[in-house]
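Novice: Got a structure for you, questions after.
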Amino acid sequence: MARRPLVTLLTDFGTADGYVGAMKGVILRNAPSATVVDIAHDLPPQNVIAAAHAVAASLPMFPEGTIHVVVVDPGVGSDRNILAVRLGGQVVLAPDNGVLSVLTAQHTPERIVSLRNPRYVPASTASRTFHGRDIFAPVAAHLASGVAMDALGPAPDTVTVLDLPVPSVSHERIDGQVLYADRFGNLITNIPGALLTEPFPDLSVTRVWLGETLIGPVLPSYSFTDEGQSVALINSMGSLEIAVNQGNAADRFGEEFGMPVAVTLRR
Amino acid sequence: MARRPLVTLLTDFGTADGYVGAMKGVILRNAPSATVVDIAHDLPPQNVIAAAHAVAASLPMFPEGTIHVVVVDPGVGSDRNILAVRLGGQVVLAPDNGVLSVLTAQHTPERIVSLRNPRYVPASTASRTFHGRDIFAPVAAHLASGVAMDALGPAPDTVTVLDLPVPSVSHERIDGQVLYADRFGNLITNIPGALLTEPFPDLSVTRVWLGETLIGPVLPSYSFTDEGQSVALINSMGSLEIAVNQGNAADRFGEEFGMPVAVTLRR
Amino acid sequence: MARRPLVTLLTDFGTADGYVGAMKGVILRNAPSATVVDIAHDLPPQNVIAAAHAVAASLPMFPEGTIHVVVVDPGVGSDRNILAVRLGGQVVLAPDNGVLSVLTAQHTPERIVSLRNPRYVPASTASRTFHGRDIFAPVAAHLASGVAMDALGPAPDTVTVLDLPVPSVSHERIDGQVLYADRFGNLITNIPGALLTEPFPDLSVTRVWLGETLIGPVLPSYSFTDEGQSVALINSMGSLEIAVNQGNAADRFGEEFGMPVAVTLRR
C-alpha cells in the first residue's frame, strides 16, 4: 500500500448536505494517512447509467493502488450486494447495480468479491439509508490501512450488468440511442467512434441525425462549426456525441434516454 | 497538533466563484502543512437551519485535532461574534448565529471562545463582506500552525441557539414540523426517531401524515416501498424523514419550513 | 519545487460527470507527490468574464510554487494557444482567451510562454475536445515534477486580453456596467471602489442606480440595510457591487452583461 493512499469518492450526494463530509470524516478517522480526492458528487440523482459513464471516464486515469468509492445507490437498504473490484491495480467499491459495467466492459477485472466478511464489513450495525457512511467509508479505510481486498468476502454468484441499448449497423447506416446528457448539455450516445470507421472511412461525408433532425457530418471538434450551431463529433471518451458549439444541445433538443440517433452516408 | 493538520470547510459559497478558492489559498499560504478538506459548499444560501444539520451530520465523524471552518453567515459585516468551539478534541470556527447549536445539543462543548485577540484575529483589516477569507481562514491557519484555541479570545457572554420548533407528544400522537429538504428532496423533520419508541413500540402500526396527506407507516428503508411511492423512515441522522423512493418528496409536496408532520396510531 | 507541490483546478466542468476526476487522475498518476486542490468547477459554462474574475479573486492568495490549471475554454480544439504564466512565484496554465487578463492587469507576469514543446506538451496525441485531460493535466504534472516553465515553449507573439467595458467618469458621476452575477445573485460591476474616492470623498452622499432603479448610497456592508433591501457596496474584490441583503439581486433585477450602473451625488 502506498504511503499516502488515495481514496476517491464518486457519488450523487451533492454538496448541499453533510453526507459527503460524513464519509470523508469516517475515512480520515480510520485511515489517518489517506488522502481523499473528490471525483464528482453532483451525478444526476440515482442515475446509474450516467454514473457508469463517469466511472469509466475517470477511474482508469488514477495511479495503481488507488481506492475508489462509488455510491450511486438507489437500492440502498435492499439486499443488493456491495462489490469490491480490482482492475489495473486499483480497487473499486460499488453497489452491485451495474454502475461499474461500462468500466469493466473496457477493463477486465482481476478479481471481484462481495462485501460479506463481518470482521471488516459492519453490515449489522449500519443504518438502512446511508451505507456510504456506514459501510463504504469504513471498508475503504480498511483497504487504505492495508487490509487485502480478498479478505472482504467471497466472489459473488452473479454481477449485475447494465442493460444498455446496443447500436445496430446495416449497409451504410448505424442506428443508436442517446444515453444521457453531460453538464454542458452534450448528448452522449451509445455509438462508439470506432464503429464508424468501417462503413464510413471518410467521416466528412457522413450525416448524423437526431430523430428527424439533421445535425450534419461528424466533425473533428466543436469549433469546426459556428457558435450556436449543432455539431456531431467523437468525444473524449470515444463516443459519438451531439453538441451545440458554445451552447446546450439538451436544452435545444431534449435529453430523453433512448432518443434515436442515426449515422448515414451523404449522397 | 497533527503533522498534517486537517482543515475542513463548510460554506454556502457555491463553487461558481473564486470565494472558496480564496479561503483555501489563505489557509495553505499560512499553514503550508495543512490539508484542506471540503465538506460542502452548496448549502442553501444563508439557510442557517440546513447548515446546522449538515454540521451535526458530518463534523463528529472527523478525527481528533481536526479544525473545522463553518461560514454560513448572513450577518457578515454586522457585530455578530465569531466563535471557536472545542468538542471531541476538534475545534470549530463559526459565526455566532446558531449554526453550531444542533451539534452542541448532541456533543457538549469543552470550551468556547470569542475571536477577539487582535494578535491572531485580523478584524481591523478585514473586509466587511468576506470574513471567510479575511478572518476565518487566517485564524484556521493559526490553529493549524499550533496556536492554542484559548489564545484567540475570552469566553463569550452569550451564545446564540437556533429557535427550532419542538415536537409535541400526546396520547398516541406526535406533532412535529418539516425543517428543510436535502439534496434528494427528502423532507427532514424535527421528530427524533428515539421519541417514537415509547408511544409506538411497534412502528409498523404507525401512520405518518404530512399535513392532510397520509404517507404511511414508518418503514425501515426507502426500498420497502415501490419506486415512486412516498415513504416515512428514520434517517441516518436519527430523525423522522419523509421521502419518495427514487424520487423527490420536496418536488411532490413542497418544502416549506414548518410544514406540519404528525405520527398517529393505525386503528 | 515544494516537497508536496499544490496543483489547483478551476474549470467550468461541473461535478456531474467524470471530467474533473479524469484530470485529477492524470495529475496524480504522473506526479504522485502532488496535492490537488479544487478552486471551483461550477463556473458558468464558457463564461470567460466570470472565470477571469474568479481567477483574480483566488489565485493570488496561494503560496509561492503553486501550479494553477484554469480550463474555461470555449475554443477547445481550435488553434488557440495554451499559455503558462508565472507571476508571484506561481505558475498558471490557461487557454489564451483572456481568462487571465483580470489577474494580469493586477499582477504583472514575470514570464509567459506558449505550450509548444512536444517533449512536454502532448498536443499531437490529444483529443480535440478534452485538452483538460490530455494537455493541461499532463503539463501540470510535469511542472509539479520539477520541469521548468521555460522549457514548455517560446514566448507567444500575442496574448489575448478581454475587451471589458471601461467605466466613464465625469463631473460628479460615474457610469459603468454589470459584468456578471455571483452565486448569491450579487451583481458585480466594472467600477473599482478606488475610482469612487475622488469624486465622492463621502460615500454616504452617493446614489447608485441600476438602470432607472435607485439602489441607494454606497454602504459599508450588506447588514447596513434591512433584510430584503437592495444595497450597493464595495465588495471583497474592491469592486462596486449591487446586492440584496439576505436575498438575490440577480433574481430581482436580472443579470444581463452590460446593464448600466451609475453613481451620482445625492442633492
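In the C-alpha cells, each chain is lettered A, B, ... as it comes, each chain's residues begin at 1, and ligands are numbered from 1 in order of appearance.
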At a cut-off of 9 Å, list the chain A residues touching chain C, using only C-alpha atoms, as a PyMOL selection string.
Specialist: chain A and resi 4+8+10+12+14+35+37-44+50-51+53-64+182-184+220-224+233-236+245-247
Novice: Compile the contact shell of Arg119 (chain B) as a list in words: residues with an atom at most 10 Å away, counting only C-alpha atoms, same-chain residues fewer than 6 positions apart removed.
Specialist: Ala151, Leu152 and Gly153 of chain B
Novice: Can you work out which one of A:Pro138, A:Gly146, A:Gly185, A:Gly89 has the shortest atom-to-atom distance to Arg111 (chain A), counting only C-alpha atoms?
Specialist: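 Looking only at the distances to Arg111 (chain A), the closest residue turns out to be A:Gly89.
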Novice: Which residue out of C:Val102, C:Leu214, C:Ile135, C:Val113 has the minimum interatomic distance to Ala84 (chain C) when only C-alpha atoms are used?
Specialist: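 Checking each of C:Val102, C:Leu214, C:Ile135, C:Val113 against Ala84 (chain C), counting only C-alpha atoms, the winner is C:Val113.
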Novice: Near Ala155 (chain C), within 10 Å and counting only C-alpha atoms, which residues show up once chain neighbours fewer than 4 positions away are dropped, as a list of chain:residue names?
Specialist: C:Leu83, C:Ala84, C:Val85, C:Arg111, C:Ile112, C:Val113, C:Ser114, C:Leu115, C:Arg116, C:Asp150, C:Val159
Novice: With C-alpha atoms kept, could you save the residues just selected as a tab-separated table (two decimals), in the first residue's frame?
Specialist:
chain	number	residue	atom	x	y	z
C	83	LEU	CA	-0.28	29.69	-22.06
C	84	ALA	CA	1.88	29.19	-18.99
C	85	VAL	CA	2.18	32.41	-16.98
C	111	ARG	CA	7.15	35.36	-17.78
C	112	ILE	CA	4.69	33.96	-20.34
C	113	VAL	CA	5.26	31.01	-22.66
C	114	SER	CA	3.11	29.21	-25.17
C	115	LEU	CA	2.81	25.42	-24.72
C	116	ARG	CA	4.66	24.26	-27.84
C	150	ASP	CA	10.56	27.99	-19.58
C	159	VAL	CA	-1.68	37.43	-25.61
Novice: According to DSSP computed on the backbone, where in region 16-112 of chain A is there strand (DSSP E or B)? Give the residues as number ranges by chain.
Specialist: A: 35-40, 67-71, 82-87, 90-95, 111-112
Novice: Quick one: distance from CA of Pro5 (chain B) to CA of Arg86 (chain B) in Å, one decimal?
Specialist: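 Computing the Euclidean distance for CA of Pro5 (chain B) and CA of Arg86 (chain B) yields 15.3 Å.
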Novice: Which of these, B:Ala249, B:Leu164, B:Val99, B:Leu240, has the shortest distance to Leu195 (chain B) once you count only C-alpha atoms?
Specialist: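 When distances to Leu195 (chain B) are compared using only C-alpha atoms, the smallest one comes from B:Leu240.
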Novice: When you look at Thr11 (chain A) with a cut-off of 6 Å (counting only C-alpha atoms), what residues show up, excluding the ones that are within fewer than 4 positions of it in the same chain? I need them as a list in words.
Specialist: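 The filter keeps His41, Val70, Val71 and Val72 of chain A.
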Novice: Taking the DSSP secondary structure from the backbone, can you list the residues of region 80-247 of chain A that are alpha helix (DSSP H), as a PDB file with N, CA, C and O atoms, in the first residue's frame?
Specialist:
ATOM      1  N   SER A 101     -20.375  -1.419 -14.849  1.00  0.00           N
ATOM      2  CA  SER A 101     -20.347  -2.320 -16.010  1.00  0.00           C
ATOM      3  C   SER A 101     -19.789  -1.667 -17.266  1.00  0.00           C
ATOM      4  O   SER A 101     -19.285  -2.370 -18.142  1.00  0.00           O
ATOM      5  N   VAL A 102     -19.835  -0.348 -17.396  1.00  0.00           N
ATOM      6  CA  VAL A 102     -19.169   0.287 -18.542  1.00  0.00           C
ATOM      7  C   VAL A 102     -17.657   0.199 -18.352  1.00  0.00           C
ATOM      8  O   VAL A 102     -16.909  -0.125 -19.290  1.00  0.00           O
ATOM      9  N   LEU A 103     -17.203   0.430 -17.130  1.00  0.00           N
ATOM     10  CA  LEU A 103     -15.773   0.292 -16.826  1.00  0.00           C
ATOM     11  C   LEU A 103     -15.275  -1.126 -17.080  1.00  0.00           C
ATOM     12  O   LEU A 103     -14.243  -1.332 -17.744  1.00  0.00           O
ATOM     13  N   THR A 104     -15.982  -2.126 -16.564  1.00  0.00           N
ATOM     14  CA  THR A 104     -15.486  -3.499 -16.664  1.00  0.00           C
ATOM     15  C   THR A 104     -15.621  -4.056 -18.074  1.00  0.00           C
ATOM     16  O   THR A 104     -14.948  -5.034 -18.415  1.00  0.00           O
ATOM     17  N   ALA A 105     -16.486  -3.439 -18.909  1.00  0.00           N
ATOM     18  CA  ALA A 105     -16.520  -3.838 -20.319  1.00  0.00           C
ATOM     19  C   ALA A 105     -15.240  -3.403 -21.025  1.00  0.00           C
ATOM     20  O   ALA A 105     -14.831  -4.003 -22.024  1.00  0.00           O
ATOM     21  N   GLN A 106     -14.579  -2.361 -20.500  1.00  0.00           N
ATOM     22  CA  GLN A 106     -13.365  -1.837 -21.126  1.00  0.00           C
ATOM     23  C   GLN A 106     -12.095  -2.358 -20.464  1.00  0.00           C
ATOM     24  O   GLN A 106     -11.038  -2.406 -21.095  1.00  0.00           O
ATOM     25  N   HIS A 131     -25.423   3.747   3.603  1.00  0.00           N
ATOM     26  CA  HIS A 131     -24.310   2.814   3.553  1.00  0.00           C
ATOM     27  C   HIS A 131     -23.010   3.510   3.159  1.00  0.00           C
ATOM     28  O   HIS A 131     -21.932   3.004   3.445  1.00  0.00           O
ATOM     29  N   ALA A 137     -17.437   3.759   3.540  1.00  0.00           N
ATOM     30  CA  ALA A 137     -16.323   4.538   4.093  1.00  0.00           C
ATOM     31  C   ALA A 137     -15.441   3.696   5.021  1.00  0.00           C
ATOM     32  O   ALA A 137     -14.212   3.697   4.868  1.00  0.00           O
ATOM     33  N   PRO A 138     -16.003   2.967   5.974  1.00  0.00           N
ATOM     34  CA  PRO A 138     -15.097   2.169   6.822  1.00  0.00           C
ATOM     35  C   PRO A 138     -14.359   1.075   6.047  1.00  0.00           C
ATOM     36  O   PRO A 138     -13.195   0.788   6.360  1.00  0.00           O
ATOM     37  N   VAL A 139     -15.005   0.473   5.053  1.00  0.00           N
ATOM     38  CA  VAL A 139     -14.297  -0.547   4.278  1.00  0.00           C
ATOM     39  C   VAL A 139     -13.174   0.101   3.461  1.00  0.00           C
ATOM     40  O   VAL A 139     -12.059  -0.441   3.373  1.00  0.00           O
ATOM     41  N   ALA A 140     -13.430   1.271   2.883  1.00  0.00           N
ATOM     42  CA  ALA A 140     -12.367   1.975   2.162  1.00  0.00           C
ATOM     43  C   ALA A 140     -11.200   2.281   3.088  1.00  0.00           C
ATOM     44  O   ALA A 140     -10.028   2.168   2.705  1.00  0.00           O
ATOM     45  N   ALA A 141     -11.513   2.659   4.318  1.00  0.00           N
ATOM     46  CA  ALA A 141     -10.443   2.939   5.284  1.00  0.00           C
ATOM     47  C   ALA A 141      -9.655   1.668   5.600  1.00  0.00           C
ATOM     48  O   ALA A 141      -8.424   1.710   5.747  1.00  0.00           O
ATOM     49  N   HIS A 142     -10.337   0.530   5.712  1.00  0.00           N
ATOM     50  CA  HIS A 142      -9.613  -0.736   5.911  1.00  0.00           C
ATOM     51  C   HIS A 142      -8.643  -0.991   4.751  1.00  0.00           C
ATOM     52  O   HIS A 142      -7.481  -1.341   4.957  1.00  0.00           O
ATOM     53  N   LEU A 143      -9.137  -0.819   3.530  1.00  0.00           N
ATOM     54  CA  LEU A 143      -8.263  -1.034   2.367  1.00  0.00           C
ATOM     55  C   LEU A 143      -7.084  -0.073   2.410  1.00  0.00           C
ATOM     56  O   LEU A 143      -5.938  -0.453   2.136  1.00  0.00           O
ATOM     57  N   ALA A 144      -7.350   1.181   2.744  1.00  0.00           N
ATOM     58  CA  ALA A 144      -6.276   2.178   2.803  1.00  0.00           C
ATOM     59  C   ALA A 144      -5.282   1.861   3.903  1.00  0.00           C
ATOM     60  O   ALA A 144      -4.125   2.291   3.848  1.00  0.00           O
ATOM     61  N   GLY A 193     -17.083   5.650 -31.546  1.00  0.00           N
ATOM     62  CA  GLY A 193     -16.456   6.195 -32.733  1.00  0.00           C
ATOM     63  C   GLY A 193     -15.808   5.112 -33.580  1.00  0.00           C
ATOM     64  O   GLY A 193     -15.810   5.176 -34.817  1.00  0.00           O
ATOM     65  N   ALA A 194     -15.260   4.089 -32.917  1.00  0.00           N
ATOM     66  CA  ALA A 194     -14.577   3.022 -33.647  1.00  0.00           C
ATOM     67  C   ALA A 194     -15.529   2.287 -34.591  1.00  0.00           C
ATOM     68  O   ALA A 194     -15.117   1.764 -35.634  1.00  0.00           O
ATOM     69  N   LEU A 195     -16.815   2.281 -34.240  1.00  0.00           N
ATOM     70  CA  LEU A 195     -17.801   1.587 -35.076  1.00  0.00           C
ATOM     71  C   LEU A 195     -18.018   2.312 -36.400  1.00  0.00           C
ATOM     72  O   LEU A 195     -18.467   1.721 -37.391  1.00  0.00           O
ATOM     73  N   LEU A 196     -17.712   3.605 -36.417  1.00  0.00           N
ATOM     74  CA  LEU A 196     -17.976   4.403 -37.614  1.00  0.00           C
ATOM     75  C   LEU A 196     -16.949   4.162 -38.715  1.00  0.00           C
ATOM     76  O   LEU A 196     -17.222   4.388 -39.897  1.00  0.00           O
TER      77      LEU A 196
END
Novice: Neighbouring residues of region 254-264 of chain B were defined as those with any atom within 9 Å, considering only C-alpha atoms; residues of the same chain fewer than 4 positions away were excluded. Please report them as a PyMOL selection string.
Specialist: chain B and resi 165+172-181+185-187+189+191+196+200+205-212+217-218+249-250
Novice: I need the residue nearest Met149 (chain A) from this list: A:Val121, A:Leu203, A:Leu6, A:Ile188. Use only C-alpha atoms for the distance.
Specialist: A:Val121
